[in-house]
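Peer 1: What follows is final.txt, compact mmCIF, C-alpha atoms.
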```txt
# COMPACT_ATOMS: atom_id res chain seq x y z
CA MET T 26 6.31 -34.72 -18.89
CA ASN T 27 3.77 -35.05 -16.06
CA SER T 28 0.18 -34.00 -16.58
CA LEU T 29 -0.99 -30.83 -14.95
CA TYR T 30 -4.31 -30.71 -13.12
CA VAL T 31 -6.19 -27.49 -12.55
CA ALA T 32 -9.01 -26.70 -10.13
CA ARG T 33 -11.05 -23.59 -9.46
CA ASN T 34 -10.03 -21.98 -6.19
CA PRO T 35 -13.16 -22.14 -4.00
CA ARG T 36 -11.97 -19.09 -2.09
CA VAL T 37 -12.67 -16.65 -4.92
CA ALA T 38 -16.00 -15.17 -5.95
CA ALA T 39 -16.96 -15.74 -9.60
CA ARG T 40 -19.80 -14.70 -11.87
CA SER T 41 -20.44 -14.92 -15.58
CA LEU T 42 -22.33 -12.00 -17.08
CA ASP T 43 -23.14 -11.73 -20.79
CA GLY T 44 -20.35 -14.22 -21.52
CA GLU T 45 -17.79 -12.32 -19.46
CA MET T 46 -16.31 -14.21 -16.51
CA MET T 47 -15.45 -11.97 -13.60
CA ILE T 48 -13.56 -13.17 -10.57
CA MET T 49 -12.75 -11.40 -7.36
CA SER T 50 -9.97 -12.51 -5.08
CA GLY T 51 -11.24 -13.19 -1.59
CA ARG T 52 -7.75 -12.42 -0.37
CA ASP T 53 -7.37 -8.80 -1.50
CA SER T 54 -10.57 -7.93 -3.42
CA THR T 55 -8.74 -7.65 -6.75
CA LEU T 56 -11.14 -7.99 -9.68
CA PHE T 57 -10.17 -10.05 -12.73
CA THR T 58 -12.01 -10.31 -16.03
CA LEU T 59 -11.08 -13.49 -17.87
CA ASN T 60 -10.57 -13.64 -21.64
CA LYS T 61 -12.16 -16.41 -23.70
CA THR T 62 -9.32 -18.91 -23.24
CA ALA T 63 -9.06 -18.29 -19.52
CA THR T 64 -12.83 -18.65 -19.21
CA ILE T 65 -12.74 -22.04 -20.94
CA LEU T 66 -9.93 -23.11 -18.64
CA TRP T 67 -11.77 -21.86 -15.53
CA GLN T 68 -15.00 -23.60 -16.45
CA ALA T 69 -13.25 -26.91 -17.17
CA ALA T 70 -10.97 -26.81 -14.14
CA ASP T 71 -12.52 -29.60 -12.12
CA GLY T 72 -9.28 -30.83 -10.56
CA ALA T 73 -9.72 -34.28 -12.09
CA THR T 74 -9.23 -33.70 -15.82
CA PRO T 75 -5.60 -33.39 -16.97
CA LEU T 76 -4.85 -30.11 -18.74
CA GLU T 77 -4.16 -31.78 -22.08
CA GLN T 78 -7.63 -33.31 -22.00
CA ILE T 79 -9.08 -29.85 -21.53
CA VAL T 80 -6.94 -28.24 -24.22
CA GLN T 81 -7.53 -30.79 -26.98
CA PRO T 82 -11.34 -30.78 -27.13
CA LYS T 83 -12.11 -27.33 -25.80
CA ILE T 84 -9.30 -24.96 -26.84
CA CYS T 85 -7.83 -26.51 -30.02
CA THR T 86 -11.25 -26.85 -31.60
CA GLU T 87 -12.31 -23.34 -30.58
CA PHE T 88 -9.20 -21.54 -31.78
CA GLU T 89 -7.84 -23.90 -34.49
CA ILE T 90 -4.43 -24.05 -32.85
CA GLU T 91 -1.81 -26.80 -32.95
CA PRO T 92 -2.15 -29.05 -29.82
CA GLY T 93 1.45 -28.72 -28.62
CA GLU T 94 1.41 -24.94 -28.82
CA ALA T 95 -2.05 -24.80 -27.24
CA LEU T 96 -0.91 -26.93 -24.31
CA ARG T 97 2.18 -24.78 -23.71
CA ASP T 98 0.06 -21.61 -23.78
CA ALA T 99 -2.53 -23.20 -21.49
CA GLU T 100 0.14 -24.20 -18.98
CA THR T 101 1.52 -20.68 -18.92
CA LEU T 102 -1.99 -19.32 -18.47
CA ALA T 103 -2.83 -21.82 -15.71
CA ARG T 104 0.33 -20.93 -13.79
CA ASP T 105 -0.45 -17.24 -14.21
CA LEU T 106 -4.00 -17.71 -12.92
CA ALA T 107 -2.63 -19.79 -10.05
CA SER T 108 -0.20 -17.02 -9.13
CA HIS T 109 -3.22 -14.75 -8.65
CA GLY T 110 -5.02 -17.36 -6.53
CA ILE T 111 -7.71 -17.95 -9.15
CA LEU T 112 -6.79 -21.54 -9.98
CA GLN T 113 -5.04 -24.28 -8.08
CA ILE T 114 -2.54 -26.40 -10.02
CA SER T 115 -0.94 -29.72 -9.21
CA GLU T 116 0.75 -32.67 -10.90
CA GLU T 117 -1.76 -34.89 -9.09
CA PRO T 118 -5.56 -34.79 -9.34
CA ILE T 119 -6.91 -32.17 -6.96
CA VAL T 120 -9.49 -33.61 -4.62
CA ARG T 121 -12.05 -31.07 -3.42
CA GLY T 122 -11.50 -31.77 0.27
CA ASP T 123 -7.74 -31.31 -0.13
CA SER T 124 -8.05 -27.98 -1.87
CA GLU T 125 -9.98 -26.13 0.83
CA MET W 11 -9.01 -4.93 10.57
CA LYS W 12 -9.28 -8.26 12.33
CA HIS W 13 -12.19 -10.65 12.70
CA GLN W 14 -11.93 -12.93 15.71
CA ARG W 15 -14.79 -15.13 16.80
CA ASP W 16 -17.70 -12.82 17.56
CA ARG W 17 -16.07 -9.43 17.05
CA TRP W 18 -14.32 -7.15 14.60
CA SER W 19 -11.50 -4.91 15.70
CA PHE W 20 -10.15 -1.93 13.77
CA ARG W 21 -6.94 -0.05 14.35
CA ARG W 22 -5.63 3.08 12.67
CA GLY W 23 -3.15 5.70 13.85
CA ASP W 24 -5.92 7.84 15.31
CA PHE W 25 -8.29 5.17 16.66
CA LEU W 26 -8.79 1.72 18.08
CA ALA W 27 -12.31 0.29 17.86
CA GLU W 28 -14.30 -2.90 18.21
CA TRP W 29 -17.67 -4.01 16.84
CA GLN W 30 -19.76 -6.99 17.95
CA PRO W 31 -22.34 -7.83 15.27
CA ALA W 32 -24.49 -10.06 17.51
CA SER W 33 -25.10 -7.41 20.15
CA LYS W 34 -24.85 -4.55 17.63
CA ARG W 35 -22.57 -2.79 20.07
CA GLY W 36 -19.04 -1.49 19.90
CA TRP W 37 -16.63 1.04 21.23
CA ILE W 38 -14.02 3.42 19.93
CA ARG W 39 -10.99 5.00 21.55
CA GLN W 40 -9.78 7.91 19.45
CA SER W 41 -7.86 11.13 19.43
CA ALA W 42 -9.78 14.40 19.65
CA ASN W 43 -10.89 14.85 16.05
CA PRO W 44 -14.18 14.42 14.18
CA TYR W 45 -12.82 12.09 11.49
CA SER W 46 -12.10 8.92 13.44
CA ILE W 47 -15.69 8.17 14.39
CA ASP W 48 -16.70 8.93 10.80
CA ALA W 49 -14.22 6.33 9.53
CA VAL W 50 -15.32 3.73 12.07
CA LEU W 51 -18.98 4.24 11.16
CA ARG W 52 -18.18 3.71 7.50
CA ILE W 53 -16.32 0.49 8.29
CA VAL W 54 -19.03 -0.84 10.58
CA HIS W 55 -21.75 -0.13 8.05
CA THR W 56 -19.90 -1.95 5.25
CA LEU W 57 -19.93 -4.99 7.56
CA VAL W 58 -23.59 -4.62 8.49
CA LEU W 59 -24.75 -4.06 4.92
CA ALA W 60 -22.67 -6.90 3.45
CA LYS W 61 -24.57 -9.36 5.60
CA GLN W 62 -27.85 -7.99 4.23
CA GLY W 63 -26.93 -7.87 0.52
CA GLY W 64 -26.28 -4.13 0.55
CA PHE W 65 -23.23 -1.90 0.43
CA LEU W 66 -21.75 1.57 0.75
CA LEU W 67 -20.96 3.15 -2.59
CA HIS W 68 -18.70 6.05 -3.55
CA SER W 69 -21.53 8.09 -4.98
CA ALA W 70 -23.77 11.04 -4.41
CA SER W 71 -27.45 10.21 -4.08
CA ALA W 72 -30.67 12.14 -4.10
CA ILE W 73 -34.44 11.69 -4.18
CA ARG W 74 -36.69 13.22 -6.79
CA ASN W 75 -40.35 12.39 -7.39
CA GLY W 76 -40.16 9.62 -4.79
CA LYS W 77 -37.30 7.87 -6.56
CA ALA W 78 -33.65 7.71 -5.53
CA PHE W 79 -30.81 8.27 -8.01
CA LEU W 80 -27.16 7.42 -7.42
CA PHE W 81 -24.27 9.28 -9.05
CA ALA W 82 -21.05 7.31 -8.77
CA GLY W 83 -17.51 8.21 -9.58
CA VAL W 84 -14.04 8.67 -8.24
CA SER W 85 -12.84 11.93 -6.76
CA GLU W 86 -13.37 14.85 -9.20
CA ALA W 87 -15.91 12.84 -11.23
CA GLY W 88 -18.64 15.32 -10.30
CA LYS W 89 -20.41 13.93 -7.23
CA THR W 90 -20.26 17.19 -5.34
CA THR W 91 -20.91 19.23 -8.49
CA ILE W 92 -24.13 17.42 -9.34
CA SER W 93 -25.24 17.66 -5.71
CA ARG W 94 -24.59 21.39 -5.67
CA LEU W 95 -26.59 21.84 -8.89
CA ALA W 96 -29.66 20.02 -7.55
CA PRO W 97 -32.89 22.05 -7.87
CA ALA W 98 -35.20 22.77 -4.95
CA ASP W 99 -37.44 19.73 -5.44
CA VAL W 100 -34.49 17.35 -4.97
CA THR W 101 -33.65 15.91 -1.54
CA LEU W 102 -29.95 15.19 -1.10
CA LEU W 103 -28.99 11.98 0.64
CA THR W 104 -25.22 12.45 0.39
CA ASP W 105 -22.61 13.96 -1.91
CA GLU W 106 -20.00 11.30 -1.06
CA ILE W 107 -21.05 7.87 0.26
CA SER W 108 -24.41 6.29 -0.55
CA TYR W 109 -26.12 3.81 1.74
CA VAL W 110 -27.69 0.99 -0.28
CA ARG W 111 -29.92 -1.59 1.32
CA LYS W 112 -31.53 -4.61 -0.32
CA CYS W 113 -35.26 -4.95 0.18
CA ASP W 114 -37.78 -7.55 -0.97
CA ASP W 115 -38.60 -5.84 -4.24
CA GLY W 116 -35.39 -3.96 -5.01
CA TYR W 117 -32.88 -1.59 -3.47
CA VAL W 118 -33.38 1.45 -1.28
CA ALA W 119 -31.02 4.41 -0.75
CA PHE W 120 -30.86 6.15 2.62
CA GLY W 121 -29.51 9.49 3.73
CA THR W 122 -26.07 9.41 5.33
CA PRO W 123 -23.95 11.68 7.49
CA PHE W 124 -20.97 10.98 5.21
CA THR W 125 -20.17 14.20 3.42
CA GLY W 126 -17.74 15.22 0.72
CA GLU W 127 -16.75 18.72 -0.34
CA LEU W 128 -20.31 19.94 0.07
CA ALA W 129 -20.01 19.40 3.82
CA LYS W 130 -23.78 19.06 4.11
CA LEU W 131 -25.42 16.19 5.95
CA GLY W 132 -27.84 14.05 3.97
CA GLU W 133 -31.52 14.10 4.87
CA ASN W 134 -32.63 11.21 7.05
CA VAL W 135 -35.03 9.79 4.46
CA SER W 136 -35.04 6.94 1.94
CA ALA W 137 -36.50 5.91 -1.40
CA PRO W 138 -36.36 3.00 -3.86
CA ILE W 139 -33.37 3.29 -6.20
CA SER W 140 -34.46 4.04 -9.74
CA ALA W 141 -31.05 4.30 -11.44
CA LEU W 142 -27.31 4.37 -10.95
CA TYR W 143 -25.40 6.84 -13.08
CA LEU W 144 -21.64 6.76 -13.59
CA LEU W 145 -20.55 10.35 -13.90
CA ALA W 146 -18.48 11.69 -16.76
CA LYS W 147 -17.90 15.38 -17.34
CA GLY W 148 -18.29 16.48 -20.95
CA ARG W 149 -19.64 19.18 -23.27
CA GLU W 150 -23.09 17.70 -23.66
CA TYR W 151 -25.86 16.04 -21.65
CA ARG W 152 -26.52 12.42 -22.41
CA ILE W 153 -27.40 9.13 -20.77
CA ASP W 154 -25.93 5.93 -22.23
CA PRO W 155 -27.06 2.61 -20.76
CA LEU W 156 -24.11 0.35 -19.90
CA PRO W 157 -23.78 -3.34 -20.81
CA ALA W 158 -24.21 -5.56 -17.77
CA GLY W 159 -20.53 -6.53 -17.55
CA GLU W 160 -19.30 -2.95 -17.66
CA ALA W 161 -21.99 -1.95 -15.17
CA ALA W 162 -20.88 -4.64 -12.71
CA ARG W 163 -17.19 -3.75 -13.11
CA SER W 164 -17.90 -0.06 -12.60
CA LEU W 165 -20.05 -0.72 -9.56
CA LEU W 166 -17.41 -2.96 -8.00
CA ALA W 167 -14.78 -0.30 -8.63
CA ASN W 168 -16.80 2.19 -6.59
CA LEU W 169 -17.78 -0.02 -3.66
CA LEU W 170 -16.26 0.60 -0.26
CA PHE W 171 -14.20 -2.37 0.85
CA PHE W 172 -12.32 -2.43 4.11
CA ALA W 173 -12.16 -6.05 5.24
CA GLU W 174 -9.78 -8.58 3.75
CA ASP W 175 -12.31 -11.23 4.64
CA GLU W 176 -13.27 -13.88 2.11
CA GLU W 177 -16.86 -14.24 3.28
CA LEU W 178 -17.49 -10.50 3.11
CA VAL W 179 -15.75 -10.13 -0.24
CA GLN W 180 -17.92 -12.91 -1.66
CA ALA W 181 -21.09 -11.36 -0.22
CA THR W 182 -20.33 -7.90 -1.57
CA PHE W 183 -19.23 -9.26 -4.96
CA HIS W 184 -22.50 -11.14 -5.42
CA ALA W 185 -24.49 -8.17 -4.09
CA ALA W 186 -23.03 -6.02 -6.87
CA PHE W 187 -24.18 -8.47 -9.54
CA GLU W 188 -27.61 -8.76 -7.97
CA PHE W 189 -27.84 -4.96 -7.96
CA VAL W 190 -26.99 -4.53 -11.66
CA SER W 191 -29.53 -7.22 -12.55
CA ARG W 192 -32.27 -5.15 -10.91
CA VAL W 193 -31.26 -1.50 -11.24
CA PRO W 194 -30.49 0.23 -14.56
CA VAL W 195 -26.89 1.46 -14.76
CA SER W 196 -25.94 4.19 -17.25
CA ARG W 197 -23.18 6.64 -17.96
CA LEU W 198 -24.30 10.23 -17.39
CA THR W 199 -22.22 12.69 -19.37
CA PHE W 200 -22.82 16.25 -18.32
CA PHE W 201 -21.59 19.79 -18.59
CA PRO W 202 -21.60 21.20 -15.08
CA ASP W 203 -24.69 23.37 -14.97
CA ALA W 204 -28.22 22.91 -13.64
CA ARG W 205 -29.63 21.63 -16.95
CA VAL W 206 -28.24 18.19 -16.16
CA TRP W 207 -31.12 17.73 -13.73
CA GLU W 208 -33.58 17.93 -16.63
CA LEU W 209 -32.44 14.38 -17.43
CA ILE W 210 -32.96 13.09 -13.89
CA ARG W 211 -36.61 12.51 -13.17
```
Would you write the structure of this file as structure tokens?
Peer 2:
Amino acid sequence: MNSLYVARNPRVAARSLDGEMMIMSGRDSTLFTLNKTATILWQAADGATPLEQIVQPKICTEFEIEPGEALRDAETLARDLASHGILQISEEPIVRGDSE
Amino acid sequence: MKHQRDRWSFRRGDFLAEWQPASKRGWIRQSANPYSIDAVLRIVHTLVLAKQGGFLLHSASAIRNGKAFLFAGVSEAGKTTISRLAPADVTLLTDEISYVRKCDDGYVAFGTPFTGELAKLGENVSAPISALYLLAKGREYRIDPLPAGEAARSLLANLLFFAEDEELVQATFHAAFEFVSRVPVSRLTFFPDARVWELIR
């Protein structure tokens, strides 16, 4: 299976407040509050690190979850966040200039 | 709404209007009613304020003892009620839409012509904002400070947004967080009678 790469969408507005990550879509002003897993994913989504390399050290250790299950959940979450325009996903590394 | 080069254009069933930020001029073509110009003014001022770190907020506002207080909430939350109950030493700025401007050392609320059920124009005065209260009707009078995250979410939920414009959305979003970092935000639970104003000083 190909690796999945995730990048923060530069077209949204984001702020962390008291540990809560809030994101507003620049497209339609919808406000999202991310849960802990989504926040970890958002903060690590640099476009260059494959998803499995984010999940293993950052999510598995935090939640004591089996790596395969964690990766499947993370992929579902990444695709969900991408459907809302919060993240960009690709099977290739996402170069900053290409994503804007 | 459309933003093209140096101008914004707005179209609704009852009006067509244009605003040029650089020249601070615009025009409106509307049917014969008093509501179209009101709507256009609200839209234009959300654009103007967003550029300055301010915003229009669904809230009543008033000045007491030289300090401005904002009372936010959706329809029926009590904005008009708390405005109607204001004692004589309170100056009403609006019972519907508050005008919030960022200044060097904080935020200032101004009177507006945007009225709700009270149908009374706000006074043309201003004062530094001392607190934002989110209104909740209840059987008691109490003020509960809100955690920063809840305060920001509540503020964002009550902001006036018209433009689907990424730059403006970003500006207003960050303005809301800046505001809650500088102005105390609390929930004000009140039974609708004049005693609620004993808490607001």
Peer 1: Could you list, with a cut-off of 8 Å and counting all atoms listed in the file, the residues of chain T near chain W, each shown with its nearest atom pair and the distance in Å rounded to one decimal, rows sorted by chain and ascending number, as a tab-separated table?
Peer 2:
```
residue	atom	partner	partner_atom	distance
T:Arg36	CA	W:Glu176	CA	6.8
T:Val37	CA	W:Gln180	CA	7.2
T:Ala38	CA	W:Gln180	CA	5.2
T:Arg40	CA	W:His184	CA	7.8
T:Leu42	CA	W:Gly159	CA	5.8
T:Asp43	CA	W:Gly159	CA	6.7
T:Glu45	CA	W:Gly159	CA	6.7
T:Met49	CA	W:Phe183	CA	7.2
T:Ser50	CA	W:Val179	CA	7.9
T:Gly51	CA	W:Glu176	CA	4.3
T:Arg52	CA	W:Glu174	CA	6.0
T:Asp53	CA	W:Glu174	CA	5.8
T:Ser54	CA	W:Val179	CA	6.5
```
Peer 1: Using C-alpha atoms, can you write the selected residues to a file as a tab-separated table (two decimals), in the frame of the given file?
Peer 2:
```
chain	number	residue	atom	x	y	z
T	36	ARG	CA	-11.97	-19.09	-2.09
T	37	VAL	CA	-12.67	-16.65	-4.92
T	38	ALA	CA	-16.00	-15.17	-5.95
T	40	ARG	CA	-19.80	-14.70	-11.87
T	42	LEU	CA	-22.33	-12.00	-17.08
T	43	ASP	CA	-23.14	-11.73	-20.79
T	45	GLU	CA	-17.79	-12.32	-19.46
T	49	MET	CA	-12.75	-11.40	-7.36
T	50	SER	CA	-9.97	-12.51	-5.08
T	51	GLY	CA	-11.24	-13.19	-1.59
T	52	ARG	CA	-7.75	-12.42	-0.37
T	53	ASP	CA	-7.37	-8.80	-1.50
T	54	SER	CA	-10.57	-7.93	-3.42
```
Peer 1: I'd like to know which of T:Ile111, T:Cys85, T:Ile90, T:Ala73 is closest to Met47 in chain T, using all atoms listed in the file.
Peer 2: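 For Met47 in chain T, the nearest of the given residues is T:Ile111.
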Peer 1: Using all atoms listed in the file, find the one residue out of W:Leu57, W:Ala98, W:Ala129, W:Leu209 that sits nearest to Arg152 in chain W.
Peer 2: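 The shortest atom-to-atom distance to Arg152 in chain W comes from W:Leu209.
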Peer 1: Using all atoms listed in the file and a cutoff of 10 Å, can you tell me which residues are near (-19.3, -0.6, 18.7) in the file's coordinates, and write them out as a CSV table (one decimal) with C-alpha atoms, in the coordinates of the input?
Peer 2:
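Saved to part-v4.csv:
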```csv
chain,number,residue,atom,x,y,z
W,17,ARG,CA,-16.1,-9.4,17.0
W,18,TRP,CA,-14.3,-7.2,14.6
W,19,SER,CA,-11.5,-4.9,15.7
W,27,ALA,CA,-12.3,0.3,17.9
W,28,GLU,CA,-14.3,-2.9,18.2
W,29,TRP,CA,-17.7,-4.0,16.8
W,30,GLN,CA,-19.8,-7.0,18.0
W,31,PRO,CA,-22.3,-7.8,15.3
W,33,SER,CA,-25.1,-7.4,20.2
W,34,LYS,CA,-24.8,-4.6,17.6
W,35,ARG,CA,-22.6,-2.8,20.1
W,36,GLY,CA,-19.0,-1.5,19.9
W,37,TRP,CA,-16.6,1.0,21.2
W,38,ILE,CA,-14.0,3.4,19.9
W,50,VAL,CA,-15.3,3.7,12.1
W,51,LEU,CA,-19.0,4.2,11.2
W,54,VAL,CA,-19.0,-0.8,10.6
```
Peer 1: My list of candidates is W:His55, W:Arg94, W:His68, W:Lys61. Which is closest to Glu127 in chain W when distances are computed with all atoms listed in the file?
Peer 2: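 Counting all atoms listed in the file, the residue closest to Glu127 in chain W is W:Arg94.
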Peer 1: Once you count only C-alpha atoms, which residues end up no further than 10 Å from (-24.1, -3.9, -2.5) in the file's frame, shown as a PyMOL selection string?
Peer 2: chain W and resi 56+59-67+109-112+117+165-166+169-170+181-190
Peer 1: In terms of the shortest atom-to-atom distance over only C-alpha atoms, which of T:Glu89, T:Asp98, T:Ile48, T:Phe57 is closest to Glu77 in chain T?
Peer 2: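 That would be T:Asp98, the residue with the smallest distance to Glu77 in chain T.
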Peer 1: Would you mind listing what lies within 9 Å of Leu102 in chain W as a PDB file with C-alpha atoms, in the frame of the given file, with all atoms listed in the file counted and same-chain residues fewer than 3 positions away left out?
Peer 2:
```
ATOM      1  CA  ALA W  70     -23.770  11.040  -4.410  1.00  0.00           C
ATOM      2  CA  SER W  71     -27.450  10.210  -4.080  1.00  0.00           C
ATOM      3  CA  ALA W  72     -30.670  12.140  -4.100  1.00  0.00           C
ATOM      4  CA  ILE W  73     -34.440  11.690  -4.180  1.00  0.00           C
ATOM      5  CA  SER W  93     -25.240  17.660  -5.710  1.00  0.00           C
ATOM      6  CA  ALA W  96     -29.660  20.020  -7.550  1.00  0.00           C
ATOM      7  CA  ASP W 105     -22.610  13.960  -1.910  1.00  0.00           C
ATOM      8  CA  GLY W 121     -29.510   9.490   3.730  1.00  0.00           C
ATOM      9  CA  LYS W 130     -23.780  19.060   4.110  1.00  0.00           C
ATOM     10  CA  LEU W 131     -25.420  16.190   5.950  1.00  0.00           C
ATOM     11  CA  GLY W 132     -27.840  14.050   3.970  1.00  0.00           C
ATOM     12  CA  GLU W 133     -31.520  14.100   4.870  1.00  0.00           C
TER      13      GLU W 133
END
```
Peer 1: For the atom pair CA of Ala87 in chain W and CA of Leu59 in chain T, what is the interatomic distance in Å to one decimal place?
Peer 2: 27.6 Å
Peer 1: By how many Å are CA of Gln40 in chain W and CA of Pro123 in chain W apart?
Peer 2: 18.9 Å
Peer 1: Using only C-alpha atoms, determine which residues lie at most 8 Å from Leu145 in chain W, disregarding the query and same-chain residues fewer than 5 positions distant; provide the list as a list in words.
Peer 2: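 Non-adjacent residues within range: Phe81, Ala82, Gly83, Ala87, Gly88, Lys89, Arg197, Leu198, Thr199 and Phe200 of chain W.
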Peer 1: Using Å and a single decimal, report how far CA of Leu29 in chain T sits from CA of Ser115 in chain T.
Peer 2: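 One can read the CA of Ser115 in chain T to CA of Leu29 in chain T distance as 5.8 Å.
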Peer 1: Within 12 Å of Pro118 in chain T, counting all atoms listed in the file, which residues qualify if same-chain residues fewer than 5 places away don't, as a compact mmCIF listing (two decimals) with C-alpha atoms, in the frame of the given file?
Peer 2:
```txt
# COMPACT_ATOMS: atom_id res chain seq x y z
CA ASN T 27 3.77 -35.05 -16.06
CA SER T 28 0.18 -34.00 -16.58
CA LEU T 29 -0.99 -30.83 -14.95
CA TYR T 30 -4.31 -30.71 -13.12
CA VAL T 31 -6.19 -27.49 -12.55
CA ALA T 32 -9.01 -26.70 -10.13
CA ALA T 70 -10.97 -26.81 -14.14
CA ASP T 71 -12.52 -29.60 -12.12
CA GLY T 72 -9.28 -30.83 -10.56
CA ALA T 73 -9.72 -34.28 -12.09
CA THR T 74 -9.23 -33.70 -15.82
CA PRO T 75 -5.60 -33.39 -16.97
CA LEU T 76 -4.85 -30.11 -18.74
CA GLN T 113 -5.04 -24.28 -8.08
CA ASP T 123 -7.74 -31.31 -0.13
CA SER T 124 -8.05 -27.98 -1.87
```
Peer 1: Would you mind telling me which residue in W:Ile53, W:Ala141, W:Leu156, W:Leu95 lies nearest to Phe124 in chain W when using all atoms listed in the file?
Peer 2: W:Ile53
Peer 1: Near Gly116 in chain W, within 8 Å and counting all atoms listed in the file, which residues show up once chain neighbours fewer than 5 positions away are dropped, as a list in words?
Peer 2: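 So the residues in contact are Pro138, Ile139, Arg192 and Val193 of chain W.
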Peer 1: So that I can check the surroundings of Ala69 in chain T, please list as a ChimeraX atom specification every protein, DNA and RNA residue that reaches within 7 Å of it, counting only C-alpha atoms and ignoring chain neighbours fewer than 3 positions away.
Peer 2: /T:65-66,79
